[in-house]
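Data block below; observations after.
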Amino acid sequence: MLASALAFCLSAAAQQTASSSAQQLQSYDLRREVSLVGKVVKFDAASGVAPMGAHVLVQTGSGQVDVHLGNAKVLQSSHFELNPGDSVRIVGENLAFSGGTIFAARVVQKGNQAVIVRNEKGAPKIVGGTLSPEQTEALRGVR
């Protein structure tokens with residue numbers, strides 16, 4: 001009887017830990033940020049892959065990582081270009097999105113130029129103060 005009660009408690013604790021871990025990934029947390037270092041394989045300013053917006057595929061020592069950059073106009077307004085072969089450093093974190101995870105960039109650096117693409121709470125930056133309704137819908141769920 002004691003063994004089954006202990007097994008039940010351990011099972012409940014494991015489920016609670018799993019759900020709290022998933023819950024933590026719902027919001028951006030600076031304490032979980034990591035740096036990706038690698039080379040640009042492909043840059044798409046308006047990806048059709050969710051979440052919508054700019055994506056860059058980066059080849060790291062551990063493999064390729066699809067990174068969500070948010071609004072490409074933020075990069076454009078800073079005269080920041082990403083081309084295949086460019087060496088980059090990207091600061092961000094994995095966030096829960098549509099049943100999986102995405103790597104959400106907060107800072108993108110190439111050489112001595114860096115652009116902040118998300119605020120410290122994980123919301124994508126915008127240029128010009130407002131987004132169109134279509135842009136707002138495209139970025140829905142990315143935080």
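By order of appearance in the structure tokens: chains A, B, ..., then residues from 1 within every chain, and ligands from 1 in the order shown.
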
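For Val37 (chain A), the residues within 12 Å (counting only C-alpha atoms, excluding itself and residues fewer than 6 positions away along the chain) are A:Leu57, A:Val58, A:Gln59, A:Thr60, A:Gly61, A:Ser62, A:Gly63, A:Gln64, A:Val65, A:Val67, A:Asp86, A:Ser87, A:Val88, A:Arg89, A:Ile90, A:Val91, A:Gly92, A:Val108, A:Gln109, A:Lys110, A:Gly111.
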
Please produce a file of those selected residues containing N, CA and C atoms, as a PDB file, in the first residue's frame.
```
ATOM      1  N   LEU A  57      17.970  30.481 -41.092  1.00  0.00           N
ATOM      2  CA  LEU A  57      18.440  29.128 -40.821  1.00  0.00           C
ATOM      3  C   LEU A  57      19.936  29.237 -40.558  1.00  0.00           C
ATOM      4  N   VAL A  58      20.362  28.821 -39.361  1.00  0.00           N
ATOM      5  CA  VAL A  58      21.756  28.964 -38.941  1.00  0.00           C
ATOM      6  C   VAL A  58      22.374  27.588 -38.746  1.00  0.00           C
ATOM      7  N   GLN A  59      23.547  27.398 -39.346  1.00  0.00           N
ATOM      8  CA  GLN A  59      24.312  26.166 -39.161  1.00  0.00           C
ATOM      9  C   GLN A  59      25.210  26.356 -37.948  1.00  0.00           C
ATOM     10  N   THR A  60      24.935  25.592 -36.883  1.00  0.00           N
ATOM     11  CA  THR A  60      25.758  25.652 -35.676  1.00  0.00           C
ATOM     12  C   THR A  60      26.574  24.369 -35.591  1.00  0.00           C
ATOM     13  N   GLY A  61      27.405  24.273 -34.589  1.00  0.00           N
ATOM     14  CA  GLY A  61      28.177  23.052 -34.369  1.00  0.00           C
ATOM     15  C   GLY A  61      27.301  21.860 -34.041  1.00  0.00           C
ATOM     16  N   SER A  62      26.065  22.122 -33.598  1.00  0.00           N
ATOM     17  CA  SER A  62      25.135  21.051 -33.231  1.00  0.00           C
ATOM     18  C   SER A  62      24.110  20.754 -34.316  1.00  0.00           C
ATOM     19  N   GLY A  63      24.178  21.460 -35.425  1.00  0.00           N
ATOM     20  CA  GLY A  63      23.212  21.264 -36.504  1.00  0.00           C
ATOM     21  C   GLY A  63      22.556  22.573 -36.899  1.00  0.00           C
ATOM     22  N   GLN A  64      21.545  22.479 -37.761  1.00  0.00           N
ATOM     23  CA  GLN A  64      20.847  23.665 -38.237  1.00  0.00           C
ATOM     24  C   GLN A  64      19.713  24.047 -37.292  1.00  0.00           C
ATOM     25  N   VAL A  65      19.556  25.365 -37.096  1.00  0.00           N
ATOM     26  CA  VAL A  65      18.507  25.887 -36.223  1.00  0.00           C
ATOM     27  C   VAL A  65      17.719  26.935 -36.994  1.00  0.00           C
ATOM     28  N   VAL A  67      15.570  30.047 -36.803  1.00  0.00           N
ATOM     29  CA  VAL A  67      15.433  31.112 -35.816  1.00  0.00           C
ATOM     30  C   VAL A  67      14.386  32.110 -36.300  1.00  0.00           C
ATOM     31  N   ASP A  86      27.324  34.324 -43.914  1.00  0.00           N
ATOM     32  CA  ASP A  86      27.617  35.300 -42.860  1.00  0.00           C
ATOM     33  C   ASP A  86      27.747  34.595 -41.511  1.00  0.00           C
ATOM     34  N   SER A  87      28.750  34.983 -40.733  1.00  0.00           N
ATOM     35  CA  SER A  87      28.887  34.487 -39.363  1.00  0.00           C
ATOM     36  C   SER A  87      28.008  35.343 -38.466  1.00  0.00           C
ATOM     37  N   VAL A  88      27.208  34.682 -37.630  1.00  0.00           N
ATOM     38  CA  VAL A  88      26.282  35.405 -36.755  1.00  0.00           C
ATOM     39  C   VAL A  88      26.329  34.844 -35.344  1.00  0.00           C
ATOM     40  N   ARG A  89      25.910  35.693 -34.429  1.00  0.00           N
ATOM     41  CA  ARG A  89      25.671  35.305 -33.040  1.00  0.00           C
ATOM     42  C   ARG A  89      24.259  35.763 -32.738  1.00  0.00           C
ATOM     43  N   ILE A  90      23.434  34.854 -32.253  1.00  0.00           N
ATOM     44  CA  ILE A  90      22.031  35.170 -31.974  1.00  0.00           C
ATOM     45  C   ILE A  90      21.733  34.817 -30.523  1.00  0.00           C
ATOM     46  N   VAL A  91      21.209  35.799 -29.793  1.00  0.00           N
ATOM     47  CA  VAL A  91      20.822  35.595 -28.401  1.00  0.00           C
ATOM     48  C   VAL A  91      19.307  35.452 -28.364  1.00  0.00           C
ATOM     49  N   GLY A  92      18.826  34.398 -27.739  1.00  0.00           N
ATOM     50  CA  GLY A  92      17.392  34.168 -27.656  1.00  0.00           C
ATOM     51  C   GLY A  92      17.111  32.928 -26.836  1.00  0.00           C
ATOM     52  N   VAL A 108      20.383  39.939 -32.673  1.00  0.00           N
ATOM     53  CA  VAL A 108      21.091  39.328 -33.801  1.00  0.00           C
ATOM     54  C   VAL A 108      22.341  40.158 -34.031  1.00  0.00           C
ATOM     55  N   GLN A 109      23.502  39.480 -34.078  1.00  0.00           N
ATOM     56  CA  GLN A 109      24.761  40.191 -34.251  1.00  0.00           C
ATOM     57  C   GLN A 109      25.537  39.606 -35.418  1.00  0.00           C
ATOM     58  N   LYS A 110      26.069  40.500 -36.242  1.00  0.00           N
ATOM     59  CA  LYS A 110      26.953  40.119 -37.353  1.00  0.00           C
ATOM     60  C   LYS A 110      28.121  41.090 -37.316  1.00  0.00           C
ATOM     61  N   GLY A 111      29.306  40.562 -37.091  1.00  0.00           N
ATOM     62  CA  GLY A 111      30.462  41.447 -36.943  1.00  0.00           C
ATOM     63  C   GLY A 111      30.269  42.343 -35.730  1.00  0.00           C
TER      64      GLY A 111
END
```

Under the rule of at most 8 Å, produce a per-residue listing of region 70-117 of chain A near region 121-125 of chain A: chain, number, name, the closest pair of atoms, and the distance in Å, as a tab-separated table, using only C-alpha atoms.
```
residue	atom	partner	partner_atom	distance
A:Gly70	CA	A:Pro124	CA	5.4
A:Asn71	CA	A:Pro124	CA	6.8
A:Val74	CA	A:Lys125	CA	6.9
A:Ala104	CA	A:Gly122	CA	7.8
A:Arg106	CA	A:Gly122	CA	7.0
A:Ile116	CA	A:Lys125	CA	7.8
A:Val117	CA	A:Lys125	CA	5.4
```

Any chance you could export the current selection's C-alpha atoms as a compact mmCIF listing (two decimals), in the first residue's frame?
```txt
# COMPACT_ATOMS: atom_id res chain seq x y z
CA GLY A 70 10.11 38.74 -35.97
CA ASN A 71 9.51 41.78 -38.15
CA VAL A 74 13.37 46.10 -37.85
CA ALA A 104 12.97 33.24 -30.71
CA ARG A 106 16.12 38.80 -29.14
CA ILE A 116 17.53 44.00 -31.01
CA VAL A 117 14.51 42.30 -32.61
```

(request) Would you work out the distance separating CA of Ala54 (chain A) from CA of Val41 (chain A), expressed in Å to one decimal? (result)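 One can read the CA of Ala54 (chain A) to CA of Val41 (chain A) distance as 13.8 Å.
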
(request) One decimal, Å: what's the distance from CA of Ser77 (chain A) over to CA of Val56 (chain A), could you say? (result)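 Computed distance, CA of Ser77 (chain A) to CA of Val56 (chain A), equals 17.4 Å.
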
(request) Can you pull out every residue within 10 Å of His55 (chain A), counting only C-alpha atoms, but drop anything in the same chain fewer than 6 positions away, and send it as a list in words? (result)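 The contact residues come out as Lys42, Phe43, Asp44, Ala45, Ala46, Ser47, Gly48, Val49, Asp66, Val67, His68, Leu69, Gly70, Asn71, Ala72, Phe103, Ala104 and Ala105 of chain A.
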
Could you dump the residues just selected with C-alpha atoms as a PDB file, in the first residue's frame?
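Written file, selection-v5.pdb:
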```
ATOM      1  CA  LYS A  42      19.268  30.868 -45.573  1.00  0.00           C
ATOM      2  CA  PHE A  43      17.455  34.098 -44.721  1.00  0.00           C
ATOM      3  CA  ASP A  44      13.772  34.653 -45.485  1.00  0.00           C
ATOM      4  CA  ALA A  45      12.341  38.103 -44.734  1.00  0.00           C
ATOM      5  CA  ALA A  46       8.734  36.882 -45.048  1.00  0.00           C
ATOM      6  CA  SER A  47       8.625  33.181 -44.293  1.00  0.00           C
ATOM      7  CA  GLY A  48       5.468  31.197 -44.889  1.00  0.00           C
ATOM      8  CA  VAL A  49       6.465  28.948 -41.988  1.00  0.00           C
ATOM      9  CA  ASP A  66      15.490  27.762 -37.617  1.00  0.00           C
ATOM     10  CA  VAL A  67      15.433  31.112 -35.816  1.00  0.00           C
ATOM     11  CA  HIS A  68      12.419  33.433 -35.743  1.00  0.00           C
ATOM     12  CA  LEU A  69      13.522  37.066 -36.038  1.00  0.00           C
ATOM     13  CA  GLY A  70      10.111  38.739 -35.972  1.00  0.00           C
ATOM     14  CA  ASN A  71       9.507  41.782 -38.146  1.00  0.00           C
ATOM     15  CA  ALA A  72      12.031  42.055 -41.028  1.00  0.00           C
ATOM     16  CA  PHE A 103      14.012  29.626 -31.242  1.00  0.00           C
ATOM     17  CA  ALA A 104      12.974  33.241 -30.710  1.00  0.00           C
ATOM     18  CA  ALA A 105      15.834  35.686 -31.276  1.00  0.00           C
TER      19      ALA A 105
END
```

(message) Which residues are near Asn94 (chain A)? Cut-off 9 Å, only C-alpha atoms, ignore same chain within fewer than 4 positions. Put them as a list of chain:residue names.
(response) A:Leu25, A:Tyr28, A:Arg32, A:Glu33, A:Val34, A:Thr101, A:Ile102, A:Phe103, A:Ala104, A:Ala105

Save out the residues we just selected, N, CA and C atoms, as a short mmCIF file (atom, residue, chain, number, x, y, z; two decimals), in the first residue's frame.
```cif
data_model
loop_
_atom_site.label_atom_id
_atom_site.label_comp_id
_atom_site.auth_asym_id
_atom_site.auth_seq_id
_atom_site.Cartn_x
_atom_site.Cartn_y
_atom_site.Cartn_z
N LEU A 25 7.84 27.82 -20.76
CA LEU A 25 8.22 28.12 -22.13
C LEU A 25 7.21 29.01 -22.84
N TYR A 28 8.76 34.62 -22.39
CA TYR A 28 10.19 34.86 -22.54
C TYR A 28 10.79 35.15 -21.17
N ARG A 32 16.80 32.35 -19.25
CA ARG A 32 16.94 31.14 -20.08
C ARG A 32 17.63 31.42 -21.41
N GLU A 33 18.03 32.66 -21.64
CA GLU A 33 18.64 32.99 -22.93
C GLU A 33 19.94 32.21 -23.15
N VAL A 34 20.16 31.88 -24.41
CA VAL A 34 21.40 31.24 -24.83
C VAL A 34 21.88 31.94 -26.10
N THR A 101 8.34 23.87 -30.38
CA THR A 101 9.10 25.02 -29.91
C THR A 101 9.72 25.76 -31.09
N ILE A 102 10.01 27.03 -30.87
CA ILE A 102 10.74 27.83 -31.84
C ILE A 102 11.90 28.49 -31.11
N PHE A 103 12.95 28.83 -31.84
CA PHE A 103 14.01 29.63 -31.24
C PHE A 103 13.69 31.07 -31.57
N ALA A 104 13.35 31.84 -30.55
CA ALA A 104 12.97 33.24 -30.71
C ALA A 104 14.20 34.11 -30.42
N ALA A 105 14.67 34.82 -31.44
CA ALA A 105 15.83 35.69 -31.28
C ALA A 105 15.43 36.98 -30.59
#
```

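Take CA of Glu93 (chain A) and CA of Ile126 (chain A): the distance between them is 19.4 Å.
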
(request) List every residue of region 11-127 of chain A that DSSP, applied to the backbone, labels as strand (DSSP E), and write the result as a PyMOL selection string. (result) chain A and resi 34-47+53-60+63-70+87-97+100-110+113-116

Resulting file, chosen residues, C-alpha atoms, as a PDB file, in the first residue's frame:
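Saved result, part_20.pdb, follows:
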```
ATOM      1  CA  VAL A  34      21.398  31.239 -24.833  1.00  0.00           C
ATOM      2  CA  SER A  35      23.703  32.273 -27.656  1.00  0.00           C
ATOM      3  CA  LEU A  36      23.756  30.522 -30.997  1.00  0.00           C
ATOM      4  CA  VAL A  37      26.909  30.976 -33.032  1.00  0.00           C
ATOM      5  CA  GLY A  38      27.114  29.833 -36.616  1.00  0.00           C
ATOM      6  CA  LYS A  39      26.786  30.641 -40.283  1.00  0.00           C
ATOM      7  CA  VAL A  40      23.703  31.755 -42.157  1.00  0.00           C
ATOM      8  CA  VAL A  41      22.404  29.034 -44.447  1.00  0.00           C
ATOM      9  CA  LYS A  42      19.268  30.868 -45.573  1.00  0.00           C
ATOM     10  CA  PHE A  43      17.455  34.098 -44.721  1.00  0.00           C
ATOM     11  CA  ASP A  44      13.772  34.653 -45.485  1.00  0.00           C
ATOM     12  CA  ALA A  45      12.341  38.103 -44.734  1.00  0.00           C
ATOM     13  CA  ALA A  46       8.734  36.882 -45.048  1.00  0.00           C
ATOM     14  CA  SER A  47       8.625  33.181 -44.293  1.00  0.00           C
ATOM     15  CA  GLY A  53       7.870  36.926 -40.175  1.00  0.00           C
ATOM     16  CA  ALA A  54      11.592  36.808 -40.802  1.00  0.00           C
ATOM     17  CA  HIS A  55      13.421  33.527 -40.280  1.00  0.00           C
ATOM     18  CA  VAL A  56      17.089  32.657 -40.574  1.00  0.00           C
ATOM     19  CA  LEU A  57      18.440  29.128 -40.821  1.00  0.00           C
ATOM     20  CA  VAL A  58      21.756  28.964 -38.941  1.00  0.00           C
ATOM     21  CA  GLN A  59      24.312  26.166 -39.161  1.00  0.00           C
ATOM     22  CA  THR A  60      25.758  25.652 -35.676  1.00  0.00           C
ATOM     23  CA  GLY A  63      23.212  21.264 -36.504  1.00  0.00           C
ATOM     24  CA  GLN A  64      20.847  23.665 -38.237  1.00  0.00           C
ATOM     25  CA  VAL A  65      18.507  25.887 -36.223  1.00  0.00           C
ATOM     26  CA  ASP A  66      15.490  27.762 -37.617  1.00  0.00           C
ATOM     27  CA  VAL A  67      15.433  31.112 -35.816  1.00  0.00           C
ATOM     28  CA  HIS A  68      12.419  33.433 -35.743  1.00  0.00           C
ATOM     29  CA  LEU A  69      13.522  37.066 -36.038  1.00  0.00           C
ATOM     30  CA  GLY A  70      10.111  38.739 -35.972  1.00  0.00           C
ATOM     31  CA  SER A  87      28.887  34.487 -39.363  1.00  0.00           C
ATOM     32  CA  VAL A  88      26.282  35.405 -36.755  1.00  0.00           C
ATOM     33  CA  ARG A  89      25.671  35.305 -33.040  1.00  0.00           C
ATOM     34  CA  ILE A  90      22.031  35.170 -31.974  1.00  0.00           C
ATOM     35  CA  VAL A  91      20.822  35.595 -28.401  1.00  0.00           C
ATOM     36  CA  GLY A  92      17.392  34.168 -27.656  1.00  0.00           C
ATOM     37  CA  GLU A  93      15.564  31.168 -26.308  1.00  0.00           C
ATOM     38  CA  ASN A  94      13.290  28.302 -27.221  1.00  0.00           C
ATOM     39  CA  LEU A  95       9.611  29.066 -26.711  1.00  0.00           C
ATOM     40  CA  ALA A  96       6.509  26.905 -26.971  1.00  0.00           C
ATOM     41  CA  PHE A  97       4.638  27.478 -30.226  1.00  0.00           C
ATOM     42  CA  GLY A 100       6.373  22.500 -30.571  1.00  0.00           C
ATOM     43  CA  THR A 101       9.100  25.020 -29.908  1.00  0.00           C
ATOM     44  CA  ILE A 102      10.742  27.834 -31.845  1.00  0.00           C
ATOM     45  CA  PHE A 103      14.012  29.626 -31.242  1.00  0.00           C
ATOM     46  CA  ALA A 104      12.974  33.241 -30.710  1.00  0.00           C
ATOM     47  CA  ALA A 105      15.834  35.686 -31.276  1.00  0.00           C
ATOM     48  CA  ARG A 106      16.121  38.797 -29.135  1.00  0.00           C
ATOM     49  CA  VAL A 107      19.476  40.062 -30.433  1.00  0.00           C
ATOM     50  CA  VAL A 108      21.091  39.328 -33.801  1.00  0.00           C
ATOM     51  CA  GLN A 109      24.761  40.191 -34.251  1.00  0.00           C
ATOM     52  CA  LYS A 110      26.953  40.119 -37.353  1.00  0.00           C
ATOM     53  CA  GLN A 113      26.655  45.345 -35.724  1.00  0.00           C
ATOM     54  CA  ALA A 114      23.836  44.093 -33.487  1.00  0.00           C
ATOM     55  CA  VAL A 115      20.079  44.579 -33.751  1.00  0.00           C
ATOM     56  CA  ILE A 116      17.533  44.000 -31.012  1.00  0.00           C
TER      57      ILE A 116
END
```
